[in-house]
Amino acid sequence: MRQSRIITLLTDFGNQDAYVGIMKGVIAGINPAAHIIDLCHSIPPQDVFIGAYLLSTSYKYFPTGTIHVAVVDPGVGSKRDIVCVEIRNCLFLVPDNGILSFIVQEENPKRIVQVTNSKYFLPVLSHTFHGRDLFASVAAHLSLGVQPLQLGDATGQLAQLDLPEPFHTKAGQLKGQIIYIDRFGNLITNITREHLAQYISNYTQYRAPRSGIKSKEQGDRNQTPDTLENTSKNEIPTQDNTIKTILGRKKILGLKKTYTDVKQGEPLLLLGSAGFLEISVNQGNAKKYFKVDRGNHIIVTLVSS
Amino acid sequence: MRQSRIITLLTDFGNQDAYVGIMKGVIAGINPAAHIIDLCHSIPPQDVFIGAYLLSTSYKYFPTGTIHVAVVDPGVGSKRDIVCVEIRNCLFLVPDNGILSFIVQEENPKRIVQVTNSKYFLPVLSHTFHGRDLFASVAAHLSLGVQPLQLGDATGQLAQLDLPEPFHTKAGQLKGQIIYIDRFGNLITNITREHLAQYISNYTQYRAPRSGIKSKEQGDRNQTPDTLENTSKNEIPTQDNTIKTILGRKKILGLKKTYTDVKQGEPLLLLGSAGFLEISVNQGNAKKYFKVDRGNHIIVTLVSS
Amino acid sequence: MRQSRIITLLTDFGNQDAYVGIMKGVIAGINPAAHIIDLCHSIPPQDVFIGAYLLSTSYKYFPTGTIHVAVVDPGVGSKRDIVCVEIRNCLFLVPDNGILSFIVQEENPKRIVQVTNSKYFLPVLSHTFHGRDLFASVAAHLSLGVQPLQLGDATGQLAQLDLPEPFHTKAGQLKGQIIYIDRFGNLITNITREHLAQYISNYTQYRAPRSGIKSKEQGDRNQTPDTLENTSKNEIPTQDNTIKTILGRKKILGLKKTYTDVKQGEPLLLLGSAGFLEISVNQGNAKKYFKVDRGNHIIVTLVSS
């Protein structure tokens with residue numbers, strides 16, 4: 001992998017304290033040429049899920065060799081592992097607590113190394129601030145060309161979060177949930193374009209099967225990537241009389257392309273920039289509009305059903 | 001224009017998400033040597049006015065060739081134009097929604113280009129995140145030396161916000177409004193030093209005209225820059241018995257130089273660092289003191305009137 | 001002192017405005033190669049104490065030659081001094097208002113210079129934004145190799161905050177207070193490891209003096225650094241039956257090493273990453289748990305007492 005001097009930081013340290021600044025001092029002391037980019041420091045304290053989601057929306061947009069450091073680490077100071085993981089064209093330096101869960105759904109790690117070599121830590125390792133004493137220091141050394149296997153031994157498996165998956169209900173609906181709400185109040189769901197295409201394909205075929213195409217079993221999500229790929233290339237019907245989305249007691253018709261496809265203040269469903277279905281309000285705040293929160297369910301159905 | 005590797009970012013993306021970090025990843029991938037400076041990311045969602053104000057207070061302090069990217073873009077994904085504008089010694093890459101309104105009051109654009117050449121966008125252009133797919137990418141190419149006219153064709157006119165202007169009332173007062181309130185609760189008005197000098201000059205002359213100087217008509221603000229320039233060089237009388245400012249039911253006497261010219265906890269009027277009259281409370285918060293908000297009116301009069 | 005191109009910024013400017021971005025523009029215009037690192041911009045407005053605390057937790061982690069700029073400056077525009085202070089291996093450029101108080105408890109300044117040479121300021125010096133017109137400009141010149149004595153004359157003394165010190169009560173308890181609460185709700189006290197070791201040593205010795213070791217007087221904190229150093233090397237007994245901490249009506253037994261030494265949601269006392277005793281709740285928020293605030297007292301006693 002080509003070397004990069006870019007180190008990204010994602011933490012739950014917020015901006016009230018100097019924790020992030022201190023990490024940057026440590027990095028600059030070891031590699032003055034490191035190029036540090038803040039990914040996000042506003043992860044709610046100890047919220048590994050949010051960290052995992054935001055990291056997954058970001059890493060693809062960084063150049064080859066980027067070192068992504070994620071410190072959302074409720075187990076700091078305990079026996080939890082710290083791992084250096086090579087995925088795609090970049091490195092992740094993270095506590096092994098599931099923070100790569102979204103990413104490894106898409107990409108298989110090429111290598112997982114347990115970080116144990118204290119040669120690359122600060123001389124004194126505190127019990128409560130490994131972001132400073134370990135992560136910053138190790139990341140800086142990686143940016144100088146230290147190889148993952150110099151940090152410790154290869155290992156096999158990563159901890160996984162139990163990510164909620166959308167599913168087909170007995171009533172023939174697609175049921176997902178809100179997994180993230182952004183600054184604008186956009187409600188990001190766990191339903192991808194592929195999930196939606198598959199759902200529409202299933203139920204459209206069920207009611208009007210074309211000859212030679214076997215009707216798929218309801219709820220069957222164990223299909224091969226090839227099938228998904230082909231499905232996803234199908235056009236998704238987006239007119240108001242095709243699909244409807246139900247959130248609480250409110251309904252949204254169709255699938256729009258962008259916010260301004262509806263009037264100001266009106267809600268819409270669209271495919272968000274991270275690849276998930278998203279409910280928004282044009283120039284408004286969908287969280288306030290629908291009075292919902294993370295974890296609330298969303299139902300997508302065919303209008304004709 | 002001399003090349004610079006500085007790209008500033010001003011957005012309404014906040015710091016809760018990873019949107020800004022992602023933009024930086026895109027830039028670093030295209031031009032690893034780009035020097036990215038955050039101007040502000042806390043613009044209230046879709047508030048083009050605030051973005052326009054903060055941008056205008058900042059751009060003059062950056063070196064020649066700086067590329068200022070402003071993404072406060074309620075029309076993202078719609079047919080709104082994106083423009084690359086050369087003003088003074090720097091470039092602005094912005095949606096054409098009036099975000100340059102304050103700046104073009106002071107400086108005429110040298111060139112306005114409609115950004116249409118998708119060669120400089122990311123390969124896949126989303127409908128909701130042009131900050132990532134277009135602005136970041138184009139800015140990075142500009143920082144590599146791409147010229148504005150390579151981005152698209154020159155165009156003539158920029159969209160303009162309807163900026164509130166202070167005016168002279170029939171009662172002979174100068175009436176402005178609060179256009180911005182900063183972190184400290186300082187109330188920044190739309191009255192400049194020039195407005196104040198002009199007002200004082202008018203009304204002082206009205207009551208005591210010197211021979212050979214024609215009394216100016218009340219409310220006449222169509223004067224030439226020369227006149228304004230000359231007026232502004234006049235000393236503005238600042239003693240407590242010269243002017244008074246009225247905000248709600250409270251009054252402030254005189255024009256002070258700095259916060260500590262009054263006792264701790266007391267209000268004052270001063271000329272703020274961005275060139276506008278500003279109401280502050282020494283080591284306090286004027287917004288809370290006066291219980292006011294953006295848009296509230298402020299009246300300046302001569303004490304003797 | 002070896003030259004560094006690192007400039008850190010600590011201010012009370014927040015992130016709502018563009019004040020910090022503007023400072024960076026000024027720096028980049030003077031020294032495009034300066035490497036700016038944000039330490040913290042969320043200091044509560046005019047809260048010099050918090051600025052002093054956070055600065056003291058950070059500076060040691062930066063490389064030799066780093067220029068630390070701290071702008072928490074209630075006296076901006078008044079006759080207050082601005083000083084450039086050489087401490088350890090780095091420079092501080094600060095208003096002389098006590099913001100170095102925590103640091104000079106640990107390290108003697110090597111040189112203090114009054115910054116008066118306007119050659120290194122921006123051409124126009126505003127009365128309200130010296131962060132831009134003076135601090136940013138001077139810091140950039142320092143990063144280019146300007147020497148402190150080129151900024152003005154050496155001076156002798158720094159202003160000092162009246163920092164609260166822990167003390168021994170007549171009842172034989174160690175009484176400190178909460179001086180800072182971080183993003184996670186951790187309660188950082190003014191009791192250092194040395195204070196605690198000294199306290200335990202005193203009272204343990206008092207009850208069971210070893211021959212040849214003189215019992216120390218209660219409340220005697222004027223010991224030499226040597227004594228403190230030796231004391232701090234002693235093991236501090238940490239078991240639940242050794243010391244107890246009282247905060248409001250709640251008690252905490254023992255001294256833990258890290259958050260996960262207690263169950264999730266339970267409080268603990270530990271030695272924090274900045275060297276002070278700290279009260280935390282494992283994966284929780286001690287500020288909310290104890291319903292306390294800065295300034296609240298904390299009492300440490302021996303369990304046996």
# chains A, B, ... in the order shown; residues from 1 in each chain; ligands from 1
$ interface_residues --of "chain B" --to "chain C" --cutoff "7 Å" --atoms "only C-alpha atoms" --output "ChimeraX atom specification"
/B:37-40,42,54,58,61-63,182-184,257-258,260,272-273,283
$ residues_around --residues "Gly275 (chain A)" --least-positions-apart "4" --cutoff "8 Å" --atoms "only C-alpha atoms" --output "PyMOL selection string"
chain A and resi 192-193+271
$ calpha_fit_and_write --fixed "chain A" --moving "chain B" --output "compact mmCIF listing (two decimals) with C-alpha atoms, in the first residue's frame"
# COMPACT_ATOMS: atom_id res chain seq x y z
CA MET B 1 -0.04 0.03 -0.04
CA ARG B 2 1.23 3.45 -0.97
CA GLN B 3 2.29 5.59 1.94
CA SER B 4 0.16 8.57 2.92
CA ARG B 5 0.78 11.22 5.48
CA ILE B 6 -2.94 11.64 6.15
CA ILE B 7 -4.29 10.69 9.56
CA THR B 8 -7.99 11.15 10.21
CA LEU B 9 -9.40 11.41 13.70
CA LEU B 10 -12.87 10.38 14.79
CA THR B 11 -13.55 10.49 18.53
CA ASP B 12 -16.17 11.11 21.16
CA PHE B 13 -13.94 13.76 22.75
CA GLY B 14 -16.13 16.69 21.72
CA ASN B 15 -14.74 20.18 21.37
CA GLN B 16 -15.15 21.44 24.91
CA ASP B 17 -11.83 20.04 26.13
CA ALA B 18 -8.32 19.97 24.71
CA TYR B 19 -8.20 16.19 24.22
CA VAL B 20 -8.16 16.34 20.43
CA GLY B 21 -5.59 19.13 20.40
CA ILE B 22 -3.34 17.07 22.65
CA MET B 23 -3.57 14.08 20.29
CA LYS B 24 -2.46 16.36 17.47
CA GLY B 25 0.48 17.56 19.52
CA VAL B 26 1.62 13.98 20.05
CA ILE B 27 1.31 13.24 16.34
CA ALA B 28 3.15 16.41 15.32
CA GLY B 29 5.94 15.59 17.75
CA ILE B 30 6.51 12.20 16.13
CA ASN B 31 5.80 13.11 12.51
CA PRO B 32 5.79 16.85 11.86
CA ALA B 33 4.76 16.17 8.25
CA ALA B 34 1.62 14.24 9.18
CA HIS B 35 -1.51 15.77 7.71
CA ILE B 36 -4.26 15.47 10.29
CA ILE B 37 -7.91 15.69 9.23
CA ASP B 38 -10.75 15.79 11.73
CA LEU B 39 -13.50 13.45 10.69
CA CYS B 40 -15.77 14.06 13.64
CA HIS B 41 -15.35 14.56 17.37
CA SER B 42 -19.00 14.90 18.34
CA ILE B 43 -19.81 11.22 18.62
CA PRO B 44 -22.06 10.97 21.68
CA PRO B 45 -19.92 9.69 24.58
CA GLN B 46 -19.20 5.96 24.19
CA ASP B 47 -21.61 5.60 21.27
CA VAL B 48 -19.72 3.06 19.18
CA PHE B 49 -22.66 2.64 16.80
CA ILE B 50 -22.67 6.28 15.72
CA GLY B 51 -18.91 6.21 15.37
CA ALA B 52 -19.18 3.10 13.21
CA TYR B 53 -21.82 4.69 11.02
CA LEU B 54 -19.99 7.97 10.43
CA LEU B 55 -16.68 6.21 9.79
CA SER B 56 -18.36 4.07 7.14
CA THR B 57 -19.73 7.11 5.33
CA SER B 58 -16.32 8.75 5.19
CA TYR B 59 -13.41 6.41 4.57
CA LYS B 60 -13.99 5.88 0.85
CA TYR B 61 -13.41 9.56 0.17
CA PHE B 62 -9.83 9.53 1.42
CA PRO B 63 -6.75 8.76 -0.65
CA THR B 64 -4.84 5.50 -0.61
CA GLY B 65 -2.80 4.94 2.48
CA THR B 66 -4.88 7.14 4.77
CA ILE B 67 -4.70 6.13 8.42
CA HIS B 68 -8.10 6.36 10.08
CA VAL B 69 -7.98 6.60 13.87
CA ALA B 70 -11.25 6.11 15.71
CA VAL B 71 -11.33 6.55 19.46
CA VAL B 72 -14.77 5.78 20.80
CA ASP B 73 -13.55 3.54 23.51
CA PRO B 74 -15.74 2.78 26.52
CA GLY B 75 -13.29 0.03 27.49
CA VAL B 76 -10.23 2.30 27.70
CA GLY B 77 -7.71 0.98 30.20
CA SER B 78 -9.33 -2.47 30.33
CA LYS B 79 -8.15 -5.60 28.57
CA ARG B 80 -9.95 -4.77 25.33
CA ASP B 81 -7.85 -5.15 22.19
CA ILE B 82 -6.63 -2.38 19.98
CA VAL B 83 -6.35 -3.37 16.36
CA CYS B 84 -4.77 -2.07 13.20
CA VAL B 85 -6.90 -3.19 10.27
CA GLU B 86 -6.12 -2.97 6.59
CA ILE B 87 -9.26 -2.55 4.54
CA ARG B 88 -9.42 -1.59 0.89
CA ASN B 89 -6.62 0.91 0.45
CA CYS B 90 -6.33 2.28 3.96
CA LEU B 91 -5.55 1.51 7.58
CA PHE B 92 -7.80 1.71 10.61
CA LEU B 93 -6.43 2.05 14.13
CA VAL B 94 -9.31 1.37 16.49
CA PRO B 95 -10.38 -0.34 19.70
CA ASP B 96 -11.79 -3.74 18.77
CA ASN B 97 -15.32 -2.93 19.88
CA GLY B 98 -17.30 -3.14 16.66
CA ILE B 99 -16.52 0.33 15.36
CA LEU B 100 -15.72 -1.18 11.94
CA SER B 101 -19.03 -3.07 11.78
CA PHE B 102 -20.59 -1.06 8.96
CA ILE B 103 -17.40 -1.08 6.94
CA VAL B 104 -16.75 -4.82 7.12
CA GLN B 105 -20.27 -5.40 5.79
CA GLU B 106 -18.97 -3.91 2.55
CA GLU B 107 -15.30 -4.80 2.53
CA ASN B 108 -13.34 -7.73 3.87
CA PRO B 109 -10.32 -6.76 5.97
CA LYS B 110 -7.07 -7.74 4.30
CA ARG B 111 -5.24 -7.95 7.59
CA ILE B 112 -6.03 -7.51 11.27
CA VAL B 113 -3.19 -6.88 13.70
CA GLN B 114 -3.40 -6.71 17.49
CA VAL B 115 -1.56 -3.60 18.59
CA THR B 116 0.67 -4.61 21.48
CA ASN B 117 4.16 -3.28 20.77
CA SER B 118 4.63 -0.58 23.39
CA LYS B 119 7.68 0.67 21.53
CA TYR B 120 5.25 2.78 19.54
CA PHE B 121 3.29 4.09 22.54
CA LEU B 122 4.18 7.13 24.61
CA PRO B 123 6.68 6.19 27.36
CA VAL B 124 4.03 6.52 30.08
CA LEU B 125 0.69 4.90 29.28
CA SER B 126 -2.17 6.36 31.29
CA HIS B 127 -5.21 4.30 32.16
CA THR B 128 -7.77 6.75 30.85
CA PHE B 129 -6.40 8.58 27.81
CA HIS B 130 -5.16 6.09 25.24
CA GLY B 131 -6.15 8.53 22.51
CA ARG B 132 -3.09 10.47 23.54
CA ASP B 133 -0.71 7.79 24.82
CA LEU B 134 -1.39 5.06 22.31
CA PHE B 135 -3.60 5.90 19.32
CA ALA B 136 -1.98 9.24 18.45
CA SER B 137 1.50 7.86 18.92
CA VAL B 138 0.95 4.66 16.95
CA ALA B 139 -0.82 6.52 14.15
CA ALA B 140 2.09 8.92 13.84
CA HIS B 141 4.51 6.00 13.56
CA LEU B 142 2.31 4.38 10.92
CA SER B 143 2.41 7.64 8.96
CA LEU B 144 6.20 7.42 9.10
CA GLY B 145 6.13 4.03 7.44
CA VAL B 146 5.91 1.59 10.34
CA GLN B 147 4.14 -1.52 9.05
CA PRO B 148 1.07 -3.00 10.77
CA LEU B 149 2.90 -6.23 11.60
CA GLN B 150 5.50 -4.26 13.53
CA LEU B 151 2.72 -3.28 15.93
CA GLY B 152 1.87 -6.83 16.98
CA ASP B 153 0.64 -10.17 15.74
CA ALA B 154 -1.99 -10.82 13.13
CA THR B 155 -5.30 -11.96 14.46
CA GLY B 156 -8.40 -13.40 12.88
CA GLN B 157 -11.63 -11.80 13.87
CA LEU B 158 -13.09 -8.41 14.65
CA ALA B 159 -15.75 -7.69 17.24
CA GLN B 160 -19.10 -6.95 15.61
CA LEU B 161 -22.00 -4.76 16.58
CA ASP B 162 -25.42 -6.28 16.13
CA LEU B 163 -26.54 -3.99 13.31
CA PRO B 164 -30.30 -3.78 12.77
CA GLU B 165 -31.31 -5.15 9.37
CA PRO B 166 -34.45 -4.21 7.48
CA PHE B 167 -36.80 -7.10 6.84
CA HIS B 168 -39.94 -8.03 4.95
CA THR B 169 -43.02 -8.28 7.15
CA LYS B 170 -45.69 -10.92 6.78
CA ALA B 171 -47.92 -8.17 5.45
CA GLY B 172 -45.50 -7.73 2.60
CA GLN B 173 -43.96 -4.48 3.77
CA LEU B 174 -40.32 -3.51 4.01
CA LYS B 175 -39.59 -2.53 7.60
CA GLY B 176 -36.47 -0.65 8.58
CA GLN B 177 -35.48 1.81 11.23
CA ILE B 178 -33.86 5.19 11.72
CA ILE B 179 -30.19 4.61 12.49
CA TYR B 180 -28.88 8.15 12.38
CA ILE B 181 -30.18 11.70 12.40
CA ASP B 182 -27.88 14.36 11.06
CA ARG B 183 -27.47 18.04 11.87
CA PHE B 184 -30.23 18.98 9.47
CA GLY B 185 -32.68 16.57 11.04
CA ASN B 186 -32.48 14.19 8.08
CA LEU B 187 -33.59 10.71 9.14
CA ILE B 188 -31.16 8.15 7.81
CA THR B 189 -32.54 4.61 7.75
CA ASN B 190 -30.89 1.22 7.50
CA ILE B 191 -32.56 0.58 4.12
CA THR B 192 -30.16 0.73 1.19
CA ARG B 193 -30.95 1.15 -2.46
CA GLU B 194 -30.32 -2.57 -2.82
CA HIS B 195 -32.81 -3.44 -0.09
CA LEU B 196 -35.44 -1.31 -1.78
CA ALA B 197 -34.74 -2.65 -5.25
CA GLN B 198 -34.91 -6.18 -3.91
CA TYR B 199 -38.16 -5.50 -2.11
CA ILE B 200 -39.80 -3.96 -5.15
CA SER B 201 -38.52 -6.72 -7.36
CA ASN B 202 -39.84 -9.42 -5.00
CA TYR B 203 -43.29 -8.07 -4.58
CA THR B 204 -43.74 -6.93 -8.10
CA GLN B 205 -42.72 -10.38 -9.29
CA TYR B 206 -44.94 -12.01 -6.70
CA ARG B 207 -47.98 -10.37 -8.04
CA ALA B 208 -47.00 -10.56 -11.70
CA PRO B 209 -44.41 -13.28 -12.17
CA ARG B 210 -42.69 -13.31 -15.48
CA SER B 211 -42.19 -16.72 -16.99
CA GLY B 212 -38.84 -18.23 -16.20
CA ILE B 213 -38.26 -16.07 -13.15
CA LYS B 214 -38.83 -17.91 -9.95
CA SER B 215 -40.77 -16.04 -7.32
CA LYS B 216 -38.46 -15.30 -4.40
CA GLU B 217 -39.41 -16.29 -0.91
CA GLN B 218 -40.57 -13.51 1.33
CA GLY B 219 -37.86 -12.49 3.79
CA ASP B 220 -35.10 -14.22 1.86
CA ARG B 221 -32.11 -12.00 2.28
CA ASN B 222 -29.40 -14.64 1.86
CA GLN B 223 -29.00 -13.96 -1.78
CA THR B 224 -25.64 -13.79 -3.47
CA PRO B 225 -24.00 -10.44 -4.13
CA ASP B 226 -24.52 -11.08 -7.84
CA THR B 227 -28.25 -11.13 -7.49
CA LEU B 228 -28.20 -7.95 -5.45
CA GLU B 229 -25.91 -6.34 -7.94
CA ASN B 230 -28.21 -7.16 -10.81
CA THR B 231 -31.25 -6.01 -8.90
CA SER B 232 -29.66 -2.75 -7.99
CA LYS B 233 -29.08 -1.94 -11.61
CA ASN B 234 -32.79 -2.08 -12.20
CA GLU B 235 -34.54 1.22 -12.26
CA ILE B 236 -36.44 1.81 -9.06
CA PRO B 237 -39.90 3.19 -9.84
CA THR B 238 -40.05 6.54 -8.11
CA GLN B 239 -43.41 8.05 -8.99
CA ASP B 240 -45.87 8.92 -6.30
CA ASN B 241 -48.09 5.99 -7.24
CA THR B 242 -45.39 3.37 -6.81
CA ILE B 243 -44.13 3.24 -3.23
CA LYS B 244 -45.20 4.89 -0.03
CA THR B 245 -43.30 5.31 3.22
CA ILE B 246 -44.97 5.28 6.60
CA LEU B 247 -43.42 6.93 9.62
CA GLY B 248 -45.64 7.13 12.67
CA ARG B 249 -49.00 8.29 11.39
CA LYS B 250 -47.62 10.16 8.42
CA LYS B 251 -47.15 8.97 4.86
CA ILE B 252 -44.76 9.98 2.09
CA LEU B 253 -45.47 9.07 -1.52
CA GLY B 254 -42.79 8.12 -4.04
CA LEU B 255 -39.02 8.39 -3.99
CA LYS B 256 -37.55 11.78 -4.83
CA LYS B 257 -34.13 12.69 -6.13
CA THR B 258 -33.43 15.83 -4.16
CA TYR B 259 -34.87 18.10 -1.49
CA THR B 260 -36.25 20.67 -3.89
CA ASP B 261 -38.40 18.03 -5.63
CA VAL B 262 -41.03 18.93 -3.04
CA LYS B 263 -42.22 22.30 -1.79
CA GLN B 264 -40.44 24.02 1.06
CA GLY B 265 -41.50 22.53 4.37
CA GLU B 266 -42.75 19.27 2.82
CA PRO B 267 -41.34 15.83 3.62
CA LEU B 268 -39.82 13.45 1.11
CA LEU B 269 -38.04 10.14 0.79
CA LEU B 270 -34.77 10.08 -1.11
CA LEU B 271 -31.59 8.08 -1.47
CA GLY B 272 -29.10 9.87 0.76
CA SER B 273 -25.47 10.61 0.03
CA ALA B 274 -24.28 7.63 2.09
CA GLY B 275 -26.42 5.16 0.15
CA PHE B 276 -29.28 4.77 2.61
CA LEU B 277 -32.92 5.78 2.23
CA GLU B 278 -33.41 9.04 4.04
CA ILE B 279 -36.45 11.03 5.07
CA SER B 280 -36.05 14.78 4.85
CA VAL B 281 -38.05 17.97 4.83
CA ASN B 282 -37.14 20.48 2.15
CA GLN B 283 -35.40 23.34 4.00
CA GLY B 284 -36.83 21.97 7.21
CA ASN B 285 -36.03 19.42 9.88
CA ALA B 286 -37.54 15.96 9.52
CA LYS B 287 -36.73 14.98 13.09
CA LYS B 288 -38.88 17.84 14.35
CA TYR B 289 -41.52 17.39 11.64
CA PHE B 290 -42.09 13.74 12.45
CA LYS B 291 -41.19 13.96 16.15
CA VAL B 292 -39.13 10.80 15.91
CA ASP B 293 -35.80 9.54 17.10
CA ARG B 294 -33.12 6.94 16.41
CA GLY B 295 -34.57 3.45 16.53
CA ASN B 296 -38.04 4.46 15.35
CA HIS B 297 -39.37 2.18 12.63
CA ILE B 298 -40.08 3.12 9.06
CA ILE B 299 -42.25 1.09 6.71
CA VAL B 300 -42.04 1.08 2.93
CA THR B 301 -44.82 -0.54 0.91
CA LEU B 302 -46.04 -0.63 -2.64
CA VAL B 303 -48.87 1.83 -3.12
CA SER B 304 -50.88 -0.79 -4.95
CA SER B 305 -50.61 -3.29 -2.11
$ select_by_dssp --residues "region 250-288 of chain A" --states "helix (DSSP H, G or I)" --output "list in words"
Tyr259, Thr260, Asp261, Ala286, Lys287 and Lys288 of chain A
